[in-house]
file coords_11.pdb (PDB, C-alpha atoms)
ATOM      1  CA  MET A   1      43.334 118.359 -19.870  1.00  0.00           C
ATOM      2  CA  HIS A   2      41.036 117.930 -16.879  1.00  0.00           C
ATOM      3  CA  SER A   3      40.341 114.295 -15.943  1.00  0.00           C
ATOM      4  CA  THR A   4      36.585 114.476 -16.461  1.00  0.00           C
ATOM      5  CA  GLN A   5      37.116 115.943 -19.922  1.00  0.00           C
ATOM      6  CA  LEU A   6      39.429 113.047 -20.782  1.00  0.00           C
ATOM      7  CA  ILE A   7      36.984 110.449 -19.504  1.00  0.00           C
ATOM      8  CA  ASP A   8      34.069 112.037 -21.395  1.00  0.00           C
ATOM      9  CA  HIS A   9      35.980 112.869 -24.582  1.00  0.00           C
ATOM     10  CA  PRO A  10      34.281 111.346 -27.676  1.00  0.00           C
ATOM     11  CA  ASP A  11      37.612 110.389 -29.289  1.00  0.00           C
ATOM     12  CA  LEU A  12      38.420 108.111 -26.350  1.00  0.00           C
ATOM     13  CA  GLN A  13      35.038 106.460 -25.821  1.00  0.00           C
ATOM     14  CA  LEU A  14      35.553 103.538 -28.228  1.00  0.00           C
ATOM     15  CA  LEU A  15      39.055 102.819 -26.920  1.00  0.00           C
ATOM     16  CA  MET A  16      37.851 102.960 -23.314  1.00  0.00           C
ATOM     17  CA  LYS A  17      34.978 100.615 -24.131  1.00  0.00           C
ATOM     18  CA  LYS A  18      37.373  98.120 -25.748  1.00  0.00           C
ATOM     19  CA  PHE A  19      39.747  98.426 -22.776  1.00  0.00           C
ATOM     20  CA  LYS A  20      36.956  97.706 -20.275  1.00  0.00           C
ATOM     21  CA  LYS A  21      35.816  94.697 -22.299  1.00  0.00           C
ATOM     22  CA  LYS A  22      39.336  93.282 -22.674  1.00  0.00           C
ATOM     23  CA  PHE A  23      40.408  94.008 -19.072  1.00  0.00           C
ATOM     24  CA  PRO A  24      37.219  93.737 -16.955  1.00  0.00           C
ATOM     25  CA  LYS A  25      39.091  93.472 -13.627  1.00  0.00           C
ATOM     26  CA  ILE A  26      41.009  96.741 -14.113  1.00  0.00           C
ATOM     27  CA  ASP A  27      39.552 100.006 -12.786  1.00  0.00           C
ATOM     28  CA  LEU A  28      40.130 102.222 -15.813  1.00  0.00           C
ATOM     29  CA  ARG A  29      38.420 105.290 -14.348  1.00  0.00           C
ATOM     30  CA  VAL A  30      40.913 105.666 -11.493  1.00  0.00           C
ATOM     31  CA  ASN A  31      43.869 105.518 -13.868  1.00  0.00           C
ATOM     32  CA  MET A  32      42.203 107.937 -16.297  1.00  0.00           C
ATOM     33  CA  VAL A  33      41.830 110.404 -13.418  1.00  0.00           C
ATOM     34  CA  TYR A  34      45.591 110.261 -12.830  1.00  0.00           C
ATOM     35  CA  LEU A  35      46.324 110.830 -16.526  1.00  0.00           C
ATOM     36  CA  GLY A  36      44.465 114.153 -16.578  1.00  0.00           C
ATOM     37  CA  TRP A  37      44.294 117.047 -14.104  1.00  0.00           C
ATOM     38  CA  TRP A  38      42.070 116.853 -11.056  1.00  0.00           C
ATOM     39  CA  GLY A  39      42.381 119.773  -8.752  1.00  0.00           C
ATOM     40  CA  TYR A  40      46.079 120.608  -8.530  1.00  0.00           C
ATOM     41  CA  GLN A  41      47.260 117.064  -9.236  1.00  0.00           C
ATOM     42  CA  GLY A  42      47.640 114.671 -12.131  1.00  0.00           C
ATOM     43  CA  MET A  43      49.819 114.223 -15.181  1.00  0.00           C
ATOM     44  CA  GLY A  44      47.825 116.606 -17.373  1.00  0.00           C
ATOM     45  CA  LEU A  45      48.044 114.499 -20.535  1.00  0.00           C
ATOM     46  CA  ASP A  46      46.047 115.401 -23.629  1.00  0.00           C
ATOM     47  CA  VAL A  47      43.723 113.199 -25.699  1.00  0.00           C
ATOM     48  CA  ASP A  48      46.407 112.148 -28.178  1.00  0.00           C
ATOM     49  CA  ALA A  49      48.767 110.965 -25.436  1.00  0.00           C
ATOM     50  CA  VAL A  50      45.991 108.955 -23.776  1.00  0.00           C
ATOM     51  CA  LYS A  51      45.066 107.411 -27.145  1.00  0.00           C
ATOM     52  CA  VAL A  52      48.640 106.141 -27.495  1.00  0.00           C
ATOM     53  CA  ILE A  53      48.486 104.571 -24.028  1.00  0.00           C
ATOM     54  CA  LEU A  54      45.131 102.854 -24.624  1.00  0.00           C
ATOM     55  CA  GLU A  55      46.114 101.639 -28.098  1.00  0.00           C
ATOM     56  CA  LYS A  56      49.356 100.171 -26.717  1.00  0.00           C
ATOM     57  CA  CYS A  57      47.406  98.338 -24.024  1.00  0.00           C
ATOM     58  CA  LEU A  58      44.940  96.863 -26.493  1.00  0.00           C
ATOM     59  CA  LYS A  59      47.608  95.892 -29.003  1.00  0.00           C
ATOM     60  CA  GLU A  60      50.032  94.307 -26.510  1.00  0.00           C
ATOM     61  CA  ASN A  61      47.419  92.800 -24.137  1.00  0.00           C
ATOM     62  CA  LYS A  62      48.696  94.924 -21.245  1.00  0.00           C
ATOM     63  CA  TYR A  63      46.986  97.249 -18.808  1.00  0.00           C
ATOM     64  CA  PHE A  64      48.468 100.375 -17.276  1.00  0.00           C
ATOM     65  CA  LYS A  65      48.697 102.016 -13.895  1.00  0.00           C
ATOM     66  CA  VAL A  66      50.042 105.406 -12.906  1.00  0.00           C
ATOM     67  CA  TRP A  67      52.678 105.280 -10.169  1.00  0.00           C
ATOM     68  CA  ARG A  68      54.851 107.739  -8.300  1.00  0.00           C
ATOM     69  CA  MET A  69      52.552 110.740  -8.257  1.00  0.00           C
ATOM     70  CA  ASN A  70      54.989 113.114  -6.554  1.00  0.00           C
ATOM     71  CA  TRP A  71      55.268 116.874  -6.272  1.00  0.00           C
ATOM     72  CA  LYS A  72      58.199 117.927  -8.450  1.00  0.00           C
ATOM     73  CA  GLY A  73      59.240 121.058  -6.581  1.00  0.00           C
ATOM     74  CA  ASP A  74      59.442 122.447  -3.074  1.00  0.00           C
ATOM     75  CA  ILE A  75      56.153 121.671  -1.334  1.00  0.00           C
ATOM     76  CA  GLY A  76      56.068 125.246  -0.040  1.00  0.00           C
ATOM     77  CA  ASP A  77      55.948 126.679  -3.565  1.00  0.00           C
ATOM     78  CA  MET A  78      52.595 127.567  -5.083  1.00  0.00           C
ATOM     79  CA  PRO A  79      50.761 126.689  -7.162  1.00  0.00           C
ATOM     80  CA  MET A  80      51.141 123.023  -6.381  1.00  0.00           C
ATOM     81  CA  ASP A  81      50.159 121.701  -9.782  1.00  0.00           C
ATOM     82  CA  TRP A  82      53.383 120.212 -11.088  1.00  0.00           C
ATOM     83  CA  TRP A  83      53.144 116.532 -10.353  1.00  0.00           C
ATOM     84  CA  GLU A  84      55.118 113.783 -11.963  1.00  0.00           C
ATOM     85  CA  GLY A  85      53.898 110.276 -12.510  1.00  0.00           C
ATOM     86  CA  LYS A  86      55.089 107.148 -14.189  1.00  0.00           C
ATOM     87  CA  ILE A  87      52.955 105.017 -16.451  1.00  0.00           C
ATOM     88  CA  VAL A  88      53.665 101.346 -15.893  1.00  0.00           C
ATOM     89  CA  TYR A  89      52.409  98.525 -18.100  1.00  0.00           C
ATOM     90  CA  TYR A  90      51.549  95.057 -16.808  1.00  0.00           C
ATOM     91  CA  ASN A  91      50.723  91.813 -18.582  1.00  0.00           C
ATOM     92  CA  TYR A  92      47.069  90.958 -18.060  1.00  0.00           C
ATOM     93  CA  LYS A  93      46.265  87.608 -16.448  1.00  0.00           C
ATOM     94  CA  GLU A  94      42.688  86.427 -16.239  1.00  0.00           C
TER      95      GLU A  94
END

call {"tool": "encode", "arguments": {"input": "coords_11.pdb", "output": "structure tokens"}}
result
Amino acid sequence: MHSTQLIDHPDLQLLMKKFKKKFPKIDLRVNMVYLGWWGYQGMGLDVDAVKVILEKCLKENKYFKVWRMNWKGDIGDMPMDWWEGKIVYYNYKE
């Protein structure tokens, strides 16, 4: 799903609001962009997968970041839309 569709999706609004309230120092928007597609990059996750991530964060008092956004194949191959990323969870410290 495209990143802007994820960010604007009604099923995620309440979870995103809770996340922002619980983790005010974390830039959620940037990480949400990495979870979806933007241009030819991103992890391309759907709403259900993002719900699992946000629910885990809220339940375990952890925030997430997306690391290692790398092109999976030969950089000369087109289209260049197969990117891999790793979701990493961190304990939140105020």

call {"tool": "resolve_selection", "arguments": {"input": "coords_11.pdb", "expression": "the PyMOL selection byres ((chain A and resi 31) around 10)", "output": "MDAnalysis selection string"}}
result
chainID A and resid 3 26:30 32:36 64:67 87

call {"tool": "closest_residue", "arguments": {"input": "coords_11.pdb", "among": "A:Lys56, A:Tyr89, A:Lys21, A:Trp38", "to": "Leu6 in chain A", "atoms": "all atoms listed in the file"}}
result
A:Trp38

call {"tool": "resolve_selection", "arguments": {"input": "coords_11.pdb", "expression": "the PyMOL selection byres ((chain A and resi 55) around 12)", "output": "list in words"}}
result
Leu12, Leu14, Leu15, Met16, Lys17, Lys18, Phe19, Asp48, Ala49, Val50, Lys51, Val52, Ile53, Leu54, Lys56, Cys57, Leu58, Lys59, Glu60, Asn61, Lys62, Tyr63 and Phe64 of chain A

call {"tool": "atom_distance", "arguments": {"input": "coords_11.pdb", "atom1": "CA of Glu94 in chain A", "atom2": "CA of Val47 in chain A"}}
result
28.4 Å

call {"tool": "atom_distance", "arguments": {"input": "coords_11.pdb", "atom1": "CA of Met1 in chain A", "atom2": "CA of Asn91 in chain A"}}
result
27.6 Å

call {"tool": "atom_distance", "arguments": {"input": "coords_11.pdb", "atom1": "CA of Gln41 in chain A", "atom2": "CA of Tyr92 in chain A"}}
result
27.6 Å

call {"tool": "axis_aligned_box", "arguments": {"input": "coords_11.pdb", "around": "range 37-54 of chain A", "padding_each_side": "4 Å", "output": "AutoDock Vina command-line options"}}
result
--center_x 45.9 --center_y 111.7 --center_z -18.4 --size_x 15.7 --size_y 25.8 --size_z 27.6

call {"tool": "closest_residue", "arguments": {"input": "coords_11.pdb", "among": "A:Trp37, A:Tyr90, A:Pro24, A:Asp46", "to": "Asp11 in chain A", "atoms": "only C-alpha atoms"}}
result
A:Asp46
